[in-house]
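Student: Input: one structure, supplied below.
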Amino acid sequence: MPEVLKAPLVVEFPFTRSLGPVQSAFLTGLRERVVLGVRTTDDRVLVPPVEYDPVTADEIRDLVEVAPTGTVTTWAWNHAPRRGQPLSTPFAWALVRLDGADTALLHALDAPGPDAVHTGMRVRIRWAGERTGAITDIACFEPYDGRHQHEPTPHTGEFADLATGIVAPARLDYTYSPGRAQSAYIAALSGRRTVGERCPSCRKVYVPPRGACPTCGVATAEQVEVGPGGTVTTFCIVNIKAKNLDIEVPYVYGHIALDGADLALHGRIGGIPYDQVRMGLRVEPVWTEGARYPDHYRPTGEPDADYDTYKELL
Amino acid sequence: MTREIAVVAFAQTDHLRTSEELSEVEMLMPVLHEVRAQTGLKTADIGFTCSGSSDYLAGRAFSFTLALDGVGAWPPISESHVEMDGAWALYEAWTKLLTGDADTALVYSYGKSSPGPLRDVLTRQLDPYYVAPLWPDSVALAALQAQALIDAGDTDEPALASVAARSRADAAANCHAQLRGSVPQGEYLVRPLRTGDCPPVGDGAAAVILAAGDRARELCSRPAWIRGIDHRIEAHGLGVRDLTDSPSTRLAAEQAGAFERPVDTAELHAPFTSQETILRKALRLDDTVCVNPSGGALAANPVMAAGLIRIGEAAARIHRGESDRALAHATSGPCLQQNLVAVLEGDPR
């Protein structure tokens with residue numbers, strides 16, 4: 001078993017989401033330090049508010065203002081906060097039923113330790129210093145001694161400059177490992193060799209190999225060195241410059257069937273004017289110092305391959 | 001006329017903390033071959049193929065299309081995929097067989113949780129407006145549910161620890177399980193849940209073959225007939241739900257006919273000890289029922305496959321003559337948000 005290859009892989013998106021009318025009023029309200037709920041047709045007040053009743057599916061738009069104080073309905077002590085969570089010091093996760101609401105809101109509760117937290121304890125919102133119209137405008141909850149009755153009061157949901165969307169960044173860090181077949185392929189490339197794998201059933205050689213023959217559904221194992229020369233089976237001319245890619249346009253990107261392979265791989269074709277690249281052109285890889293894969297493929301000068309020799313690889 | 005449909009084969013990988021030396025298809029392929037070998041079916045003999053997986057787990061875009069390489073999808077096959085646990089892929093395959101469009105179906109699912117931060121990855125399935133921006137991880141949400149259960153007087157920490165101990169002890173007889181035998185209950189991960197109350201994080205895959213009517217009898221000496229199967233979902237807002245109960249499980253069980261006669265075995269997909277307490281209540285399981293003889297999800301929890309494995313384990317016990325009527329349950333989402341219940345029976349012996 002060769003060494004398992006690994007590399008860090010970061011998947012990161014700034015998700016941009018538009019808001020419905022109830023969500024928009026609620027999140028704008030948080031920006032203005034006002035907590036809104038929505039009244040259902042059977043007279044419950046939902047906080048956080050939603051656009052449709054979770055029980056009846058009725059469209060609900062009847063907004064009310066509730067208090068920034070409430071009661072913990074359940075909690076869990078988080079002694080090791082994780083990235084992105086509301087507080088970086090140990091805190092309690094809590095579901096909090098705000099005064100005037102019938103449902104509970106999930107957030108962090110800042111408390112000195114688990115012994116200071118219990119179901120039924122009174123808490124209030126600690127507002128974030130900078131508020132943008134997002135759930136994180138609530139920095140967290142904090143313990144609060146006061147106890148007061150609060151009847152929800154009707155609210156129009158109208159604010160100056162309504163928040164109509166949120167941008168929610170998301171980042172996940174992975175450790176990528178490509179598996180047995182691709183690891184062997186990458187390891188061979190480090191010696192400037194291209195090694196595919198042959199299907200034991202249909203005998204096709206896959207380059208790059210992924211461990212299974214997609215036609216037969218069986219594992220491939222027999223390693224077969226292919227190339228270095230190959231034939232352009234088809235190509236396109238790229239006229240749009242890619243971000244972070246230092247290649248002058250137009251350039252040619254092609255499918256190249258390496259000699260001995262039954263599947264074409266793709267690569268850039270250089271060393272020839274873009275408008276002279278053609279199907280059947282014979283090419284070979286060009287390696288640059290320290291590269292882990294060919295930089296591009298260039299013409300070998302051989303006569304073009306006959307169409308019949310590569311028509312099955314198109 | 002309703003067709004009789006049965007689970008006729010089941011296979012699973014050994015579930016491991018990491019399978020970094022294998023790609024997803026390399027991990028999956030042996031179980032596909034194993035269920036085909038059990039039945040003697042070739043790819044071309046299978047009428048419908050359905051899989052369940054999530055690209056988020058390993059961070060690999062379109063991984064389910066690469067996994068199809070392990071099926072051998074040429075000439076083109078009739079195929080579908082759900083971004084859910086494989087139990088829901090089985091549900092789709094069951095409906096396909098009910099229509100009469102196919103007589104056999106291959107169902108598989110796999111999950112590689114080892115490449116990523118699973119607790120954080122699972123936050124991405126939450127309400128993106130009010131919840132996901134807070135990154136409440138999967139253990140934290142389960143802990144909120146466990147505390148609610150303790151506050152309600154339905155359980156306590158020693159009772160939860162006994163669920164953990166029983167599950168890992170039973171898993172000693174399951175060579176595929178990841179946590180087997182005596183496992184310390186450990187420190188709090190998110191209080192009140194200790195490491196022992198939580199499932200292991202790991203990689204694994206499973207596959208099942210379904211067949212209808214006489215085809216099932218040809219392929220299996222004692223088919224596990226699906227007498228009923230249903231799935232139900234609750235509101236996504238955690239603060240809207242009663243976290244100490246699982247009305248969706250109860251309703252799915254009713255629809256699946258689980259309460260018509262007692263079951264002798266139940267395979268419950270309860271990744272956290274506290275969730276077994278809730279499910280036992282919702283499903284009215286008393287001490288006469290053998291619960292999670294495989295060790296359940298506390299012994300091996302390959303995300304996206306662990307629910308399908310519950311159906312497979314229940315069916316395998318019927319195949320082996322160790323059960324006559326078994327309940328299998330699968331869950332999805334935070335705090336048992338969505339639940340599937342299947343009732344399986346063997347022919348009288």
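Letters for chains follow the order of the structure tokens (A, B, ...), residue numbers begin at 1 for each chain, and ligand numbers begin at 1 in the order shown.
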Once you count only C-alpha atoms, which residues of chain A turn out to be within 6 Å of chain B? Could you give them as a list in words?

Tutor: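 Within 6 Å of chain B on chain A, we get Val4, Pro54, Thr74, Trp75, Ala76, Trp77, Asn78, Gly84, Gln85, Pro86, Thr103, Ala104, Leu105, Ile135, Tyr174, Thr175, Ser177, Pro178, Gly179, Arg180, Ala212, Pro214, Thr215, Cys216 and Gly217 of chain A.
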
Student: Restricting the output to N, CA and C atoms, write the selected residues as a CSV table (one decimal), in the first residue's frame.

Tutor:
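Okay, this is what ended up in out-v1.csv:
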```
chain,number,residue,atom,x,y,z
A,4,VAL,N,-0.6,7.1,1.9
A,4,VAL,CA,-1.9,7.8,1.7
A,4,VAL,C,-1.7,9.3,1.4
A,54,PRO,N,-46.4,26.5,11.0
A,54,PRO,CA,-45.8,25.1,10.9
A,54,PRO,C,-46.8,24.0,11.2
A,74,THR,N,-34.8,25.0,27.7
A,74,THR,CA,-33.8,23.9,27.9
A,74,THR,C,-32.4,24.5,27.5
A,75,TRP,N,-31.4,23.8,28.0
A,75,TRP,CA,-30.1,24.4,27.8
A,75,TRP,C,-29.0,23.2,27.7
A,76,ALA,N,-27.8,23.6,27.3
A,76,ALA,CA,-26.7,22.6,27.2
A,76,ALA,C,-25.4,23.4,27.3
A,77,TRP,N,-24.5,22.9,28.2
A,77,TRP,CA,-23.3,23.6,28.5
A,77,TRP,C,-22.2,23.2,27.5
A,78,ASN,N,-21.7,24.3,26.8
A,78,ASN,CA,-20.7,24.1,25.7
A,78,ASN,C,-19.4,24.6,26.3
A,84,GLY,N,-17.3,30.1,14.6
A,84,GLY,CA,-18.5,30.6,14.1
A,84,GLY,C,-19.6,30.7,15.2
A,85,GLN,N,-19.4,30.1,16.3
A,85,GLN,CA,-20.5,30.1,17.4
A,85,GLN,C,-20.5,31.5,18.0
A,86,PRO,N,-21.6,31.9,18.7
A,86,PRO,CA,-21.8,33.2,19.1
A,86,PRO,C,-20.7,33.8,20.1
A,103,THR,N,-43.3,30.2,21.6
A,103,THR,CA,-42.3,29.3,21.2
A,103,THR,C,-40.9,29.8,21.5
A,104,ALA,N,-39.9,29.0,21.4
A,104,ALA,CA,-38.5,29.4,21.9
A,104,ALA,C,-37.6,29.6,20.8
A,105,LEU,N,-36.6,30.5,21.1
A,105,LEU,CA,-35.6,30.9,20.1
A,105,LEU,C,-34.2,30.3,20.6
A,135,ILE,N,-29.5,37.3,12.7
A,135,ILE,CA,-29.8,36.7,13.9
A,135,ILE,C,-28.6,37.0,14.9
A,174,TYR,N,-11.7,20.6,5.2
A,174,TYR,CA,-11.6,19.1,5.1
A,174,TYR,C,-10.2,18.8,4.9
A,175,THR,N,-9.9,17.5,5.1
A,175,THR,CA,-8.6,16.9,4.7
A,175,THR,C,-8.9,15.9,3.5
A,177,SER,N,-8.4,13.1,0.8
A,177,SER,CA,-7.5,12.0,0.4
A,177,SER,C,-8.2,11.4,-0.9
A,178,PRO,N,-7.4,11.2,-1.9
A,178,PRO,CA,-8.0,10.8,-3.2
A,178,PRO,C,-8.3,9.3,-3.4
A,179,GLY,N,-7.9,8.5,-2.4
A,179,GLY,CA,-8.2,7.1,-2.6
A,179,GLY,C,-7.0,6.3,-3.2
A,180,ARG,N,-7.2,5.0,-3.3
A,180,ARG,CA,-6.1,4.1,-3.8
A,180,ARG,C,-5.7,4.4,-5.2
A,212,ALA,N,-12.7,2.2,-10.3
A,212,ALA,CA,-13.8,1.3,-10.7
A,212,ALA,C,-14.0,1.5,-12.2
A,214,PRO,N,-16.5,2.2,-14.9
A,214,PRO,CA,-17.9,2.7,-14.8
A,214,PRO,C,-18.8,1.9,-15.7
A,215,THR,N,-18.3,1.2,-16.6
A,215,THR,CA,-19.1,0.4,-17.5
A,215,THR,C,-19.4,-1.0,-16.8
A,216,CYS,N,-18.4,-1.6,-16.2
A,216,CYS,CA,-18.6,-2.9,-15.7
A,216,CYS,C,-18.9,-2.9,-14.2
A,217,GLY,N,-18.6,-1.8,-13.5
A,217,GLY,CA,-18.8,-1.8,-12.1
A,217,GLY,C,-17.9,-2.7,-11.3
```

Student: For B:Arg232, work out the shell of residues within 10 Å, counting only C-alpha atoms and skipping chain neighbours fewer than 2 positions away, then give it as a list in words.

Tutor: Asp230, Glu234, Pro247, Ser248, Thr249, Arg250, Leu251, Ala252, Ala253, Gln255, Thr331, Gln337, Gln338, Asn339, Leu340 and Val341 of chain B

Student: Could you please write out, as a ChimeraX atom specification, every residue of stretch 166-215 of chain B that DSSP assigns to strand (DSSP E or B)?

Tutor: /B:188-191,193-194,203-212

Student: Write out the residues from the selection above, keeping N, CA and C atoms, as a CSV table (one decimal), in the first residue's frame.

Tutor:
```csv
chain,number,residue,atom,x,y,z
B,188,TYR,N,-18.0,15.1,29.7
B,188,TYR,CA,-19.0,15.9,28.9
B,188,TYR,C,-18.5,16.4,27.6
B,189,LEU,N,-19.2,16.1,26.6
B,189,LEU,CA,-18.9,16.7,25.3
B,189,LEU,C,-19.6,18.1,25.2
B,190,VAL,N,-21.0,18.0,25.3
B,190,VAL,CA,-21.8,19.1,25.5
B,190,VAL,C,-22.8,18.7,26.6
B,191,ARG,N,-22.6,19.2,27.8
B,191,ARG,CA,-23.4,18.8,28.9
B,191,ARG,C,-24.9,18.9,28.7
B,193,LEU,N,-24.6,15.6,27.7
B,193,LEU,CA,-24.1,14.5,27.0
B,193,LEU,C,-22.6,14.3,27.1
B,194,ARG,N,-22.3,13.0,27.5
B,194,ARG,CA,-20.9,12.7,27.5
B,194,ARG,C,-20.5,12.0,26.2
B,203,ASP,N,-16.6,6.2,8.8
B,203,ASP,CA,-16.9,6.0,7.4
B,203,ASP,C,-17.5,4.6,7.2
B,204,GLY,N,-18.4,4.5,6.3
B,204,GLY,CA,-19.0,3.2,6.0
B,204,GLY,C,-20.0,3.3,4.9
B,205,ALA,N,-20.5,2.1,4.4
B,205,ALA,CA,-21.4,2.0,3.4
B,205,ALA,C,-22.3,0.7,3.6
B,206,ALA,N,-23.5,0.7,3.0
B,206,ALA,CA,-24.4,-0.4,3.1
B,206,ALA,C,-25.2,-0.5,1.8
B,207,ALA,N,-25.7,-1.7,1.5
B,207,ALA,CA,-26.5,-2.0,0.3
B,207,ALA,C,-27.5,-3.0,0.7
B,208,VAL,N,-28.7,-2.8,0.0
B,208,VAL,CA,-29.8,-3.7,0.2
B,208,VAL,C,-30.4,-4.0,-1.2
B,209,ILE,N,-30.9,-5.2,-1.4
B,209,ILE,CA,-31.7,-5.5,-2.6
B,209,ILE,C,-33.1,-5.8,-2.2
B,210,LEU,N,-34.0,-5.1,-2.9
B,210,LEU,CA,-35.5,-5.3,-2.7
B,210,LEU,C,-36.0,-6.2,-3.9
B,211,ALA,N,-37.0,-7.0,-3.7
B,211,ALA,CA,-37.6,-7.7,-4.8
B,211,ALA,C,-39.1,-7.9,-4.5
B,212,ALA,N,-39.9,-8.0,-5.5
B,212,ALA,CA,-41.4,-8.1,-5.4
B,212,ALA,C,-41.8,-9.6,-5.6
```

Student: Taking only C-alpha atoms into account, name the residue in B:Ala173, B:Leu344, B:Ile311, B:Val7 that is nearest to B:Gly295.

Tutor: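 With only C-alpha atoms as the atom set, the closest residue is B:Ala173.
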
Student: Give me the residues of stretch 64-136 of chain A that have any atom at most 10 Å from an atom of stretch 140-155 of chain A; for each, the nearest atom pair and the distance in Å, rounded to one decimal. Use only C-alpha atoms, sort by chain and number, and format it as JSON lines.

Tutor:
```
{"residue": "A:Val64", "atom": "CA", "partner": "A:Pro154", "partner_atom": "CA", "distance": 4.3}
{"residue": "A:Glu65", "atom": "CA", "partner": "A:Thr153", "partner_atom": "CA", "distance": 5.2}
{"residue": "A:Val66", "atom": "CA", "partner": "A:Pro152", "partner_atom": "CA", "distance": 5.0}
{"residue": "A:Ala67", "atom": "CA", "partner": "A:His150", "partner_atom": "CA", "distance": 6.6}
{"residue": "A:Pro68", "atom": "CA", "partner": "A:Phe141", "partner_atom": "CA", "distance": 9.4}
{"residue": "A:Thr69", "atom": "CA", "partner": "A:Tyr144", "partner_atom": "CA", "distance": 7.8}
{"residue": "A:Gly70", "atom": "CA", "partner": "A:Arg147", "partner_atom": "CA", "distance": 8.6}
{"residue": "A:Thr71", "atom": "CA", "partner": "A:Arg147", "partner_atom": "CA", "distance": 9.6}
{"residue": "A:Val72", "atom": "CA", "partner": "A:Phe141", "partner_atom": "CA", "distance": 9.9}
{"residue": "A:Pro86", "atom": "CA", "partner": "A:Cys140", "partner_atom": "CA", "distance": 6.8}
{"residue": "A:Leu87", "atom": "CA", "partner": "A:Cys140", "partner_atom": "CA", "distance": 7.7}
{"residue": "A:Phe91", "atom": "CA", "partner": "A:Cys140", "partner_atom": "CA", "distance": 9.5}
{"residue": "A:Ala92", "atom": "CA", "partner": "A:Phe141", "partner_atom": "CA", "distance": 9.4}
{"residue": "A:Trp93", "atom": "CA", "partner": "A:Cys140", "partner_atom": "CA", "distance": 9.5}
{"residue": "A:Ala94", "atom": "CA", "partner": "A:Phe141", "partner_atom": "CA", "distance": 8.6}
{"residue": "A:Val96", "atom": "CA", "partner": "A:Phe141", "partner_atom": "CA", "distance": 8.7}
{"residue": "A:Leu98", "atom": "CA", "partner": "A:His150", "partner_atom": "CA", "distance": 9.3}
{"residue": "A:Asp99", "atom": "CA", "partner": "A:His150", "partner_atom": "CA", "distance": 5.6}
{"residue": "A:Gly100", "atom": "CA", "partner": "A:Pro152", "partner_atom": "CA", "distance": 5.1}
{"residue": "A:Ala101", "atom": "CA", "partner": "A:Pro152", "partner_atom": "CA", "distance": 7.6}
{"residue": "A:Leu106", "atom": "CA", "partner": "A:Cys140", "partner_atom": "CA", "distance": 9.8}
{"residue": "A:His107", "atom": "CA", "partner": "A:Cys140", "partner_atom": "CA", "distance": 6.2}
{"residue": "A:Ala108", "atom": "CA", "partner": "A:Cys140", "partner_atom": "CA", "distance": 5.0}
{"residue": "A:Leu109", "atom": "CA", "partner": "A:Phe141", "partner_atom": "CA", "distance": 4.5}
{"residue": "A:Asp110", "atom": "CA", "partner": "A:Glu142", "partner_atom": "CA", "distance": 5.3}
{"residue": "A:Ala111", "atom": "CA", "partner": "A:Glu142", "partner_atom": "CA", "distance": 6.7}
{"residue": "A:Pro112", "atom": "CA", "partner": "A:Pro143", "partner_atom": "CA", "distance": 9.9}
{"residue": "A:Ala116", "atom": "CA", "partner": "A:Pro143", "partner_atom": "CA", "distance": 8.9}
{"residue": "A:Val117", "atom": "CA", "partner": "A:Pro143", "partner_atom": "CA", "distance": 8.6}
{"residue": "A:Met121", "atom": "CA", "partner": "A:Pro143", "partner_atom": "CA", "distance": 7.6}
{"residue": "A:Arg122", "atom": "CA", "partner": "A:Tyr144", "partner_atom": "CA", "distance": 5.4}
{"residue": "A:Val123", "atom": "CA", "partner": "A:Pro143", "partner_atom": "CA", "distance": 4.4}
{"residue": "A:Arg124", "atom": "CA", "partner": "A:Phe141", "partner_atom": "CA", "distance": 5.4}
{"residue": "A:Ile125", "atom": "CA", "partner": "A:Phe141", "partner_atom": "CA", "distance": 4.5}
{"residue": "A:Arg126", "atom": "CA", "partner": "A:Phe141", "partner_atom": "CA", "distance": 5.4}
{"residue": "A:Trp127", "atom": "CA", "partner": "A:Cys140", "partner_atom": "CA", "distance": 7.2}
{"residue": "A:Ala128", "atom": "CA", "partner": "A:Cys140", "partner_atom": "CA", "distance": 8.0}
{"residue": "A:Ile135", "atom": "CA", "partner": "A:Cys140", "partner_atom": "CA", "distance": 9.9}
{"residue": "A:Thr136", "atom": "CA", "partner": "A:Cys140", "partner_atom": "CA", "distance": 8.1}
```

Student: Once DSSP has gone over the backbone, tell me which residues of stretch 116-177 of chain A are in helix (DSSP H, G or I), as a ChimeraX atom specification.

Tutor: /A:116,135-137

Student: For A:Leu27, find every residue with an atom within 6 Å (counting only C-alpha atoms), except residues of its own chain fewer than 3 positions away, and show them as number ranges by chain.

Tutor: A: 24, 30, 133-134

Student: For a quick check of understanding, using only C-alpha atoms, which of A:Ala257, A:Ala184, A:Val35, A:Ala163 has the smallest distance to A:Pro21?

Tutor: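 That would be A:Ala163, the residue with the smallest distance to A:Pro21.
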
Student: Taking 2 positions as the minimum chain separation for residues in the same chain, which residues sit within 10 Å of stretch 304-313 of chain A when counting only C-alpha atoms? Answer as a PDB file with N, CA and C atoms, in the first residue's frame.

Tutor:
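Here's the written file part29.pdb:
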```pdb
ATOM      1  N   GLY A 230       0.207  11.259 -27.552  1.00  0.00           N
ATOM      2  CA  GLY A 230      -1.229  11.043 -27.652  1.00  0.00           C
ATOM      3  C   GLY A 230      -1.816  11.777 -28.834  1.00  0.00           C
ATOM      4  N   THR A 231      -3.127  11.629 -28.984  1.00  0.00           N
ATOM      5  CA  THR A 231      -3.835  12.194 -30.121  1.00  0.00           C
ATOM      6  C   THR A 231      -4.955  13.117 -29.636  1.00  0.00           C
ATOM      7  N   VAL A 232      -5.045  14.291 -30.250  1.00  0.00           N
ATOM      8  CA  VAL A 232      -6.148  15.201 -29.931  1.00  0.00           C
ATOM      9  C   VAL A 232      -7.425  14.621 -30.543  1.00  0.00           C
ATOM     10  N   THR A 233      -8.402  14.297 -29.695  1.00  0.00           N
ATOM     11  CA  THR A 233      -9.648  13.732 -30.221  1.00  0.00           C
ATOM     12  C   THR A 233     -10.674  14.816 -30.486  1.00  0.00           C
ATOM     13  N   THR A 234     -10.671  15.836 -29.676  1.00  0.00           N
ATOM     14  CA  THR A 234     -11.534  16.990 -29.913  1.00  0.00           C
ATOM     15  C   THR A 234     -10.980  18.145 -29.096  1.00  0.00           C
ATOM     16  N   HIS A 255      -9.257  17.404 -25.663  1.00  0.00           N
ATOM     17  CA  HIS A 255      -9.283  16.028 -25.170  1.00  0.00           C
ATOM     18  C   HIS A 255      -8.139  15.297 -25.846  1.00  0.00           C
ATOM     19  N   ILE A 256      -7.324  14.631 -25.036  1.00  0.00           N
ATOM     20  CA  ILE A 256      -6.135  13.972 -25.569  1.00  0.00           C
ATOM     21  C   ILE A 256      -6.177  12.508 -25.156  1.00  0.00           C
ATOM     22  N   ALA A 257      -6.185  11.618 -26.160  1.00  0.00           N
ATOM     23  CA  ALA A 257      -6.128  10.181 -25.878  1.00  0.00           C
ATOM     24  C   ALA A 257      -4.660   9.786 -25.892  1.00  0.00           C
ATOM     25  N   ALA A 261      -4.334   4.426 -23.864  1.00  0.00           N
ATOM     26  CA  ALA A 261      -5.463   4.721 -22.975  1.00  0.00           C
ATOM     27  C   ALA A 261      -6.778   4.581 -23.735  1.00  0.00           C
ATOM     28  N   ASP A 262      -7.831   4.189 -23.023  1.00  0.00           N
ATOM     29  CA  ASP A 262      -9.155   4.059 -23.646  1.00  0.00           C
ATOM     30  C   ASP A 262     -10.100   5.169 -23.225  1.00  0.00           C
ATOM     31  N   LEU A 263      -9.544   6.177 -22.586  1.00  0.00           N
ATOM     32  CA  LEU A 263     -10.343   7.326 -22.169  1.00  0.00           C
ATOM     33  C   LEU A 263      -9.455   8.548 -22.374  1.00  0.00           C
ATOM     34  N   ALA A 264     -10.012   9.591 -23.002  1.00  0.00           N
ATOM     35  CA  ALA A 264      -9.223  10.796 -23.224  1.00  0.00           C
ATOM     36  C   ALA A 264      -9.196  11.627 -21.945  1.00  0.00           C
ATOM     37  N   ARG A 278      -6.076  20.699 -34.609  1.00  0.00           N
ATOM     38  CA  ARG A 278      -7.092  19.915 -35.327  1.00  0.00           C
ATOM     39  C   ARG A 278      -7.236  18.546 -34.684  1.00  0.00           C
ATOM     40  N   MET A 279      -8.369  17.907 -34.927  1.00  0.00           N
ATOM     41  CA  MET A 279      -8.583  16.530 -34.492  1.00  0.00           C
ATOM     42  C   MET A 279      -7.555  15.645 -35.171  1.00  0.00           C
ATOM     43  N   GLY A 280      -6.981  14.722 -34.417  1.00  0.00           N
ATOM     44  CA  GLY A 280      -5.988  13.814 -34.975  1.00  0.00           C
ATOM     45  C   GLY A 280      -4.560  14.296 -34.785  1.00  0.00           C
ATOM     46  N   LEU A 281      -4.402  15.564 -34.338  1.00  0.00           N
ATOM     47  CA  LEU A 281      -3.064  16.110 -34.106  1.00  0.00           C
ATOM     48  C   LEU A 281      -2.330  15.253 -33.065  1.00  0.00           C
ATOM     49  N   ARG A 282      -1.080  14.894 -33.390  1.00  0.00           N
ATOM     50  CA  ARG A 282      -0.277  14.112 -32.439  1.00  0.00           C
ATOM     51  C   ARG A 282       0.446  15.074 -31.479  1.00  0.00           C
ATOM     52  N   VAL A 283       0.368  14.802 -30.171  1.00  0.00           N
ATOM     53  CA  VAL A 283       0.949  15.711 -29.167  1.00  0.00           C
ATOM     54  C   VAL A 283       1.722  14.919 -28.114  1.00  0.00           C
ATOM     55  N   PRO A 299       2.658  19.784 -30.229  1.00  0.00           N
ATOM     56  CA  PRO A 299       2.728  18.860 -31.367  1.00  0.00           C
ATOM     57  C   PRO A 299       4.061  18.105 -31.384  1.00  0.00           C
ATOM     58  N   THR A 300       4.005  16.817 -31.780  1.00  0.00           N
ATOM     59  CA  THR A 300       5.230  16.018 -31.908  1.00  0.00           C
ATOM     60  C   THR A 300       5.849  16.154 -33.279  1.00  0.00           C
ATOM     61  N   GLY A 301       5.058  16.608 -34.245  1.00  0.00           N
ATOM     62  CA  GLY A 301       5.541  16.672 -35.614  1.00  0.00           C
ATOM     63  C   GLY A 301       5.220  15.417 -36.417  1.00  0.00           C
ATOM     64  N   GLU A 302       4.682  14.387 -35.740  1.00  0.00           N
ATOM     65  CA  GLU A 302       4.291  13.179 -36.482  1.00  0.00           C
ATOM     66  C   GLU A 302       3.111  13.505 -37.401  1.00  0.00           C
TER      67      GLU A 302
END
```

Student: Stretch 315-319 of chain B: which residues within 7 Å, counting only C-alpha atoms, same-chain residues fewer than 4 positions away excluded, as a ChimeraX atom specification?

Tutor: /B:7,10,222-224,311,323-324,344-346

Student: Considering only C-alpha atoms, can you say which of B:Thr288, B:Ser182, B:Ser162, B:Ser51 comes closest to B:Glu83?

Tutor: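 Of B:Thr288, B:Ser182, B:Ser162, B:Ser51, the one nearest B:Glu83 is B:Ser51, counting only C-alpha atoms.
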
Student: Nearest to B:His15 among B:Gly181, B:Gly321, B:Pro158, B:Pro200, with distances taken over only C-alpha atoms: which residue is it?

Tutor: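 Among the listed residues, B:Pro200 lies closest to B:His15.
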
Student: I'd like the neighbourhood of B:Pro271 as a list of chain:residue names, where a residue qualifies if any of its atoms comes within 10 Å (using only C-alpha atoms), though same-chain residues fewer than 6 positions away should be ignored.

Tutor: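 Skipping anything fewer than 6 positions along the chain leaves B:Val139, B:Ala142, B:Asp197, B:Cys198, B:Pro199, B:Pro200, B:Gly296, B:Ala297, B:Leu298, B:Ala299, B:Ala300, B:Asn301, B:Val303, B:Ala306, B:Gly307, B:Thr331, B:Cys335, B:Leu336.
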
Student: Please identify all polymer residues within 9 Å of B:Cys175, counting only C-alpha atoms, omitting same-chain residues fewer than 4 positions from it, and present them as number ranges by chain.

Tutor: B: 14, 171, 180

Student: Write to file, as a tab-separated table (two decimals), in the first residue's frame, the residues of the selection just made, with N, CA and C atoms.

Tutor:
```tsv
chain	number	residue	atom	x	y	z
B	14	ASP	N	-17.19	-2.82	7.13
B	14	ASP	CA	-16.76	-2.53	8.49
B	14	ASP	C	-16.76	-1.00	8.61
B	171	ALA	N	-22.91	-4.74	20.59
B	171	ALA	CA	-22.11	-4.60	19.36
B	171	ALA	C	-20.89	-5.51	19.37
B	180	ARG	N	-17.14	-1.29	20.14
B	180	ARG	CA	-17.64	-2.59	20.59
B	180	ARG	C	-17.11	-2.88	21.98
```
